[in-house]
$ cat run_35.txt   # compact mmCIF, C-alpha atoms
# COMPACT_ATOMS: atom_id res chain seq x y z
CA ASN A 1 194.27 17.27 -22.90
CA PRO A 2 195.26 18.04 -26.53
CA LYS A 3 194.68 14.42 -27.62
CA SER A 4 191.14 14.19 -26.29
CA HIS A 5 188.07 14.42 -28.49
CA TYR A 6 185.19 16.82 -27.98
CA ASP A 7 181.74 16.13 -29.38
CA THR A 8 180.59 19.29 -31.14
CA PHE A 9 176.94 18.30 -30.73
CA ARG A 10 177.19 17.21 -27.08
CA ASP A 11 174.01 17.77 -25.02
CA ARG A 12 171.95 18.65 -28.10
CA ILE A 13 169.17 17.13 -30.19
CA ILE A 14 170.72 16.20 -33.54
CA PHE A 15 168.90 16.29 -36.88
CA PRO A 16 170.27 14.91 -40.12
CA ILE A 17 170.25 17.34 -43.04
CA TRP A 18 169.37 15.80 -46.36
CA ASP A 19 169.92 17.05 -49.88
CA GLN A 20 167.02 17.13 -52.33
CA ASN A 21 167.58 13.43 -53.09
CA GLY A 22 167.40 12.30 -49.47
CA GLN A 23 171.15 11.78 -48.93
CA VAL A 24 172.49 12.88 -45.53
CA ILE A 25 175.01 15.67 -46.13
CA GLY A 26 175.35 17.18 -42.66
CA TYR A 27 173.76 17.74 -39.30
CA THR A 28 172.13 20.48 -37.31
CA SER A 29 171.60 20.40 -33.58
CA ARG A 30 169.38 22.29 -31.18
CA SER A 31 170.29 23.25 -27.64
CA ILE A 32 168.35 21.51 -24.87
CA ARG A 33 169.74 23.32 -21.82
CA GLU A 34 169.12 26.83 -20.55
CA GLY A 35 171.90 29.22 -21.57
CA GLN A 36 173.34 26.83 -24.17
CA ASN A 37 174.58 28.87 -27.13
CA PRO A 38 174.16 28.96 -29.99
CA LYS A 39 170.59 27.70 -30.06
CA TYR A 40 171.29 25.90 -33.37
CA LEU A 41 174.67 24.51 -34.35
CA ASN A 42 175.36 23.07 -37.81
CA SER A 43 177.99 20.99 -39.53
CA PRO A 44 180.77 23.19 -40.90
CA GLU A 45 180.09 24.90 -44.24
CA SER A 46 181.53 23.03 -47.21
CA LYS A 47 180.89 22.47 -50.91
CA VAL A 48 178.27 19.87 -49.98
CA PHE A 49 176.84 21.52 -46.85
CA ASN A 50 176.01 25.10 -47.79
CA LYS A 51 173.13 26.39 -45.64
CA ARG A 52 171.96 28.99 -48.16
CA ASN A 53 171.41 26.29 -50.75
CA LEU A 54 169.65 23.78 -48.50
CA LEU A 55 165.96 23.43 -47.81
CA TYR A 56 165.21 21.19 -44.85
CA GLY A 57 162.70 18.50 -45.76
CA LEU A 58 162.66 19.21 -49.52
CA HIS A 59 163.18 15.53 -50.38
CA LEU A 60 160.00 14.77 -48.40
CA ALA A 61 158.01 17.78 -49.63
CA LYS A 62 158.68 17.79 -53.40
CA THR A 63 155.75 15.59 -54.38
CA SER A 64 153.29 17.38 -52.11
CA ILE A 65 154.44 20.81 -53.33
CA ARG A 66 153.77 19.74 -56.92
CA GLU A 67 150.39 18.16 -56.06
CA LYS A 68 149.10 21.06 -53.93
CA ASP A 69 150.80 23.65 -56.17
CA PHE A 70 152.14 25.70 -53.27
CA ALA A 71 154.97 25.61 -50.75
CA ILE A 72 155.08 26.80 -47.17
CA LEU A 73 158.48 28.24 -46.18
CA VAL A 74 159.36 28.13 -42.50
CA GLU A 75 162.43 29.24 -40.60
CA GLY A 76 163.52 26.15 -38.70
CA ASN A 77 163.49 22.39 -38.87
CA MET A 78 161.23 22.10 -35.79
CA ASP A 79 158.61 24.20 -37.61
CA GLN A 80 158.90 22.01 -40.71
CA ILE A 81 158.55 18.85 -38.63
CA ALA A 82 155.48 20.25 -36.81
CA LEU A 83 153.80 21.21 -40.09
CA TYR A 84 154.64 17.91 -41.79
CA LYS A 85 153.30 15.96 -38.81
CA SER A 86 150.08 18.05 -38.89
CA GLY A 87 149.36 17.26 -42.54
CA PHE A 88 151.19 20.11 -44.27
CA GLN A 89 153.71 17.96 -46.14
CA ASN A 90 154.36 20.76 -48.65
CA SER A 91 156.51 22.67 -46.15
CA VAL A 92 160.26 23.25 -46.22
CA ALA A 93 162.59 25.11 -43.88
CA VAL A 94 165.20 27.59 -44.94
CA MET A 95 168.33 26.88 -42.96
CA GLY A 96 168.32 29.95 -40.74
CA VAL A 97 166.95 33.08 -42.37
CA ALA A 98 168.68 32.97 -45.76
CA LEU A 99 167.37 31.63 -49.05
CA GLY A 100 170.10 30.97 -51.60
CA GLN A 101 169.56 31.45 -55.31
CA SER A 102 169.72 27.72 -56.11
CA SER A 103 167.13 26.99 -53.38
CA LEU A 104 164.89 29.71 -54.79
CA ASP A 105 165.25 28.34 -58.33
CA ARG A 106 164.56 24.80 -57.10
CA LEU A 107 161.33 25.93 -55.39
CA VAL A 108 160.16 27.99 -58.36
CA GLY A 109 160.68 24.88 -60.50
CA LEU A 110 158.10 23.07 -58.33
CA THR A 111 155.44 25.80 -57.94
CA LYS A 112 154.82 29.51 -58.36
CA ASN A 113 152.78 29.82 -55.14
CA PHE A 114 154.40 30.45 -51.78
CA TYR A 115 153.47 31.16 -48.18
CA LEU A 116 156.11 32.78 -46.00
CA ALA A 117 155.59 31.30 -42.54
CA LEU A 118 158.64 32.65 -40.77
CA ASP A 119 158.93 33.40 -37.06
CA SER A 120 156.96 36.34 -35.67
CA ASP A 121 160.02 38.15 -34.32
CA ASN A 122 162.36 40.82 -35.71
CA ALA A 123 164.69 38.29 -37.36
CA GLY A 124 161.70 36.53 -38.93
CA PHE A 125 160.15 39.77 -40.20
CA MET A 126 163.48 40.89 -41.70
CA ALA A 127 163.96 37.47 -43.33
CA MET A 128 160.41 37.64 -44.69
CA GLU A 129 161.16 41.01 -46.29
CA ARG A 130 164.38 39.68 -47.86
CA ILE A 131 162.80 36.47 -49.16
CA ASN A 132 159.72 38.34 -50.37
CA ARG A 133 161.99 40.67 -52.37
CA GLN A 134 163.67 37.61 -53.96
CA PHE A 135 160.27 36.27 -55.07
CA LEU A 136 159.15 39.71 -56.31
CA GLU A 137 162.28 39.89 -58.50
CA LYS A 138 161.02 36.70 -60.16
CA GLY A 139 157.56 38.24 -60.64
CA LEU A 140 155.97 36.13 -57.89
CA LEU A 141 153.74 37.39 -55.05
CA PRO A 142 154.07 35.18 -51.97
CA LYS A 143 151.56 35.38 -49.15
CA ALA A 144 152.59 36.02 -45.54
CA LEU A 145 151.46 34.40 -42.32
CA SER A 146 151.58 35.94 -38.86
CA PHE A 147 151.49 33.74 -35.79
CA LEU A 148 151.16 36.46 -33.15
CA PRO A 149 150.85 36.15 -30.25
CA GLU A 150 152.65 32.83 -30.88
CA LYS A 151 156.28 32.90 -32.03
CA ASP A 152 156.32 30.40 -34.89
CA PRO A 153 154.38 27.70 -36.78
CA ASP A 154 155.33 25.01 -34.25
CA GLU A 155 153.96 27.02 -31.29
CA PHE A 156 150.90 28.09 -33.30
CA ILE A 157 149.93 24.52 -34.22
CA SER A 158 150.56 23.34 -30.64
CA ALA A 159 148.30 26.09 -29.29
CA HIS A 160 145.58 26.22 -31.96
CA GLY A 161 145.78 23.06 -34.11
CA PRO A 162 146.00 22.31 -37.84
CA ILE A 163 142.53 23.65 -38.73
CA ALA A 164 143.48 27.09 -37.37
CA PHE A 165 146.71 26.88 -39.39
CA GLN A 166 144.70 26.04 -42.52
CA ASN A 167 142.54 29.12 -41.79
CA LEU A 168 145.72 31.23 -41.70
CA LEU A 169 146.65 29.87 -45.13
CA ASP A 170 143.13 30.50 -46.49
CA THR A 171 143.10 34.13 -45.34
CA ALA A 172 146.79 35.03 -45.82
CA PRO A 173 147.41 38.42 -47.40
CA VAL A 174 149.95 38.98 -50.15
CA ALA A 175 153.29 39.72 -48.44
CA LEU A 176 153.29 43.22 -49.97
CA ASP A 177 150.34 44.12 -47.70
$ encode --input "run_35.txt" --output "structure tokens"
Amino acid sequence: NPKSHYDTFRDRIIFPIWDQNGQVIGYTSRSIREGQNPKYLNSPESKVFNKRNLLYGLHLAKTSIREKDFAILVEGNMDQIALYKSGFQNSVAVMGVALGQSSLDRLVGLTKNFYLALDSDNAGFMAMERINRQFLEKGLLPKALSFLPEKDPDEFISAHGPIAFQNLLDTAPVALD
């Protein structure tokens, strides 16, 4: 029926996406059923909702990033939520695997110390290389975390807990290594 409406985010968990000031500017959703593609579905790109220039949870993390003088970059909003809930409030998620220039500048304005905590899969490793290169161009040396055999920060914390995650931070090598 051409006059019927179809909910883009039907049968998905929906997350609001906030700008750095805490204003909702879009949504992302995660699949909940087997075979549901794509896994993540976002609001359409626009002037306001530009994934490359958004950092999920930044409005919540800004103060903690300044106080702790480091930021933990993760790949997805579920990872950011898991870290925040486990006491790592200085975490933000890149929306996908891209870090836009304005997001990079915003982060560097808060701290010069970064931990790349992206997924332990090919896409995560490639994103880590790209983002690491962006920091290197600014003269910064981020550290890198590996969650193997777990896939990501969320799975790692679920399996091993926040103290084990803190140990990863404490022993993280510079991403160049």
$ atom_distance --input "run_35.txt" --atom1 "atom CA of Asn42 of chain A" --atom2 "atom CA of Tyr56 of chain A"
12.5 Å
$ residues_around --input "run_35.txt" --residues "Leu99 of chain A" --least-positions-apart "6" --cutoff "12 Å" --atoms "all atoms listed in the file" --output "list in words"
Asn50, Lys51, Arg52, Asn53, Leu54, Leu55, Tyr56, Leu73, Val74, Glu75, Val92, Ala93, Asp105, Arg106, Leu107, Leu116, Ala127, Met128, Glu129, Arg130, Ile131, Asn132, Arg133, Gln134 and Phe135 of chain A
$ closest_residue --input "run_35.txt" --among "A:Phe147, A:Phe9, A:Tyr115, A:Tyr40" --to "Ile65 of chain A" --atoms "only C-alpha atoms"
A:Tyr115
$ closest_residue --input "run_35.txt" --among "A:Ser146, A:Ser103, A:Ser46, A:Ser120" --to "Gln20 of chain A" --atoms "only C-alpha atoms"
A:Ser103
$ residues_around --input "run_35.txt" --residues "Ala82 of chain A" --least-positions-apart "5" --cutoff "10 Å" --atoms "all atoms listed in the file" --output "ChimeraX atom specification"
/A:77,87-89,91,153-158,162
$ residues_near_point --input "run_35.txt" --point "(151.6, 17.2, -54.3)" --cutoff "12 Å" --atoms "all atoms listed in the file" --output "ChimeraX atom specification"
/A:60-71,87-91,110-111
$ atom_distance --input "run_35.txt" --atom1 "atom CA of Lys39 of chain A" --atom2 "atom CA of Phe114 of chain A"
27.2 Å
$ axis_aligned_box --input "run_35.txt" --around "segment 109-118 of chain A" --padding-each-side "3 Å" --output "lines of an AutoDock Vina configuration file"
center_x = 156.7
center_y = 27.9
center_z = -50.6
size_x = 13.9
size_y = 15.7
size_z = 25.7
$ closest_residue --input "run_35.txt" --among "A:Asp19, A:Leu176, A:Ala98, A:Gln80" --to "Asp152 of chain A" --atoms "only C-alpha atoms"
A:Gln80
$ residues_near_point --input "run_35.txt" --point "(173.6, 23.7, -40.9)" --cutoff "7 Å" --atoms "all atoms listed in the file" --output "CSV table (one decimal) with C-alpha atoms, in the coordinates of the input"
chain,number,residue,atom,x,y,z
A,26,GLY,CA,175.4,17.2,-42.7
A,27,TYR,CA,173.8,17.7,-39.3
A,28,THR,CA,172.1,20.5,-37.3
A,41,LEU,CA,174.7,24.5,-34.4
A,42,ASN,CA,175.4,23.1,-37.8
A,43,SER,CA,178.0,21.0,-39.5
A,51,LYS,CA,173.1,26.4,-45.6
A,95,MET,CA,168.3,26.9,-43.0
$ atom_distance --input "run_35.txt" --atom1 "atom CA of Gly76 of chain A" --atom2 "atom CA of Phe165 of chain A"
16.8 Å
$ residues_around --input "run_35.txt" --residues "Lys143 of chain A" --least-positions-apart "2" --cutoff "10 Å" --atoms "only C-alpha atoms" --output "PyMOL selection string"
chain A and resi 72+113-117+132+140-141+145+169+171-177
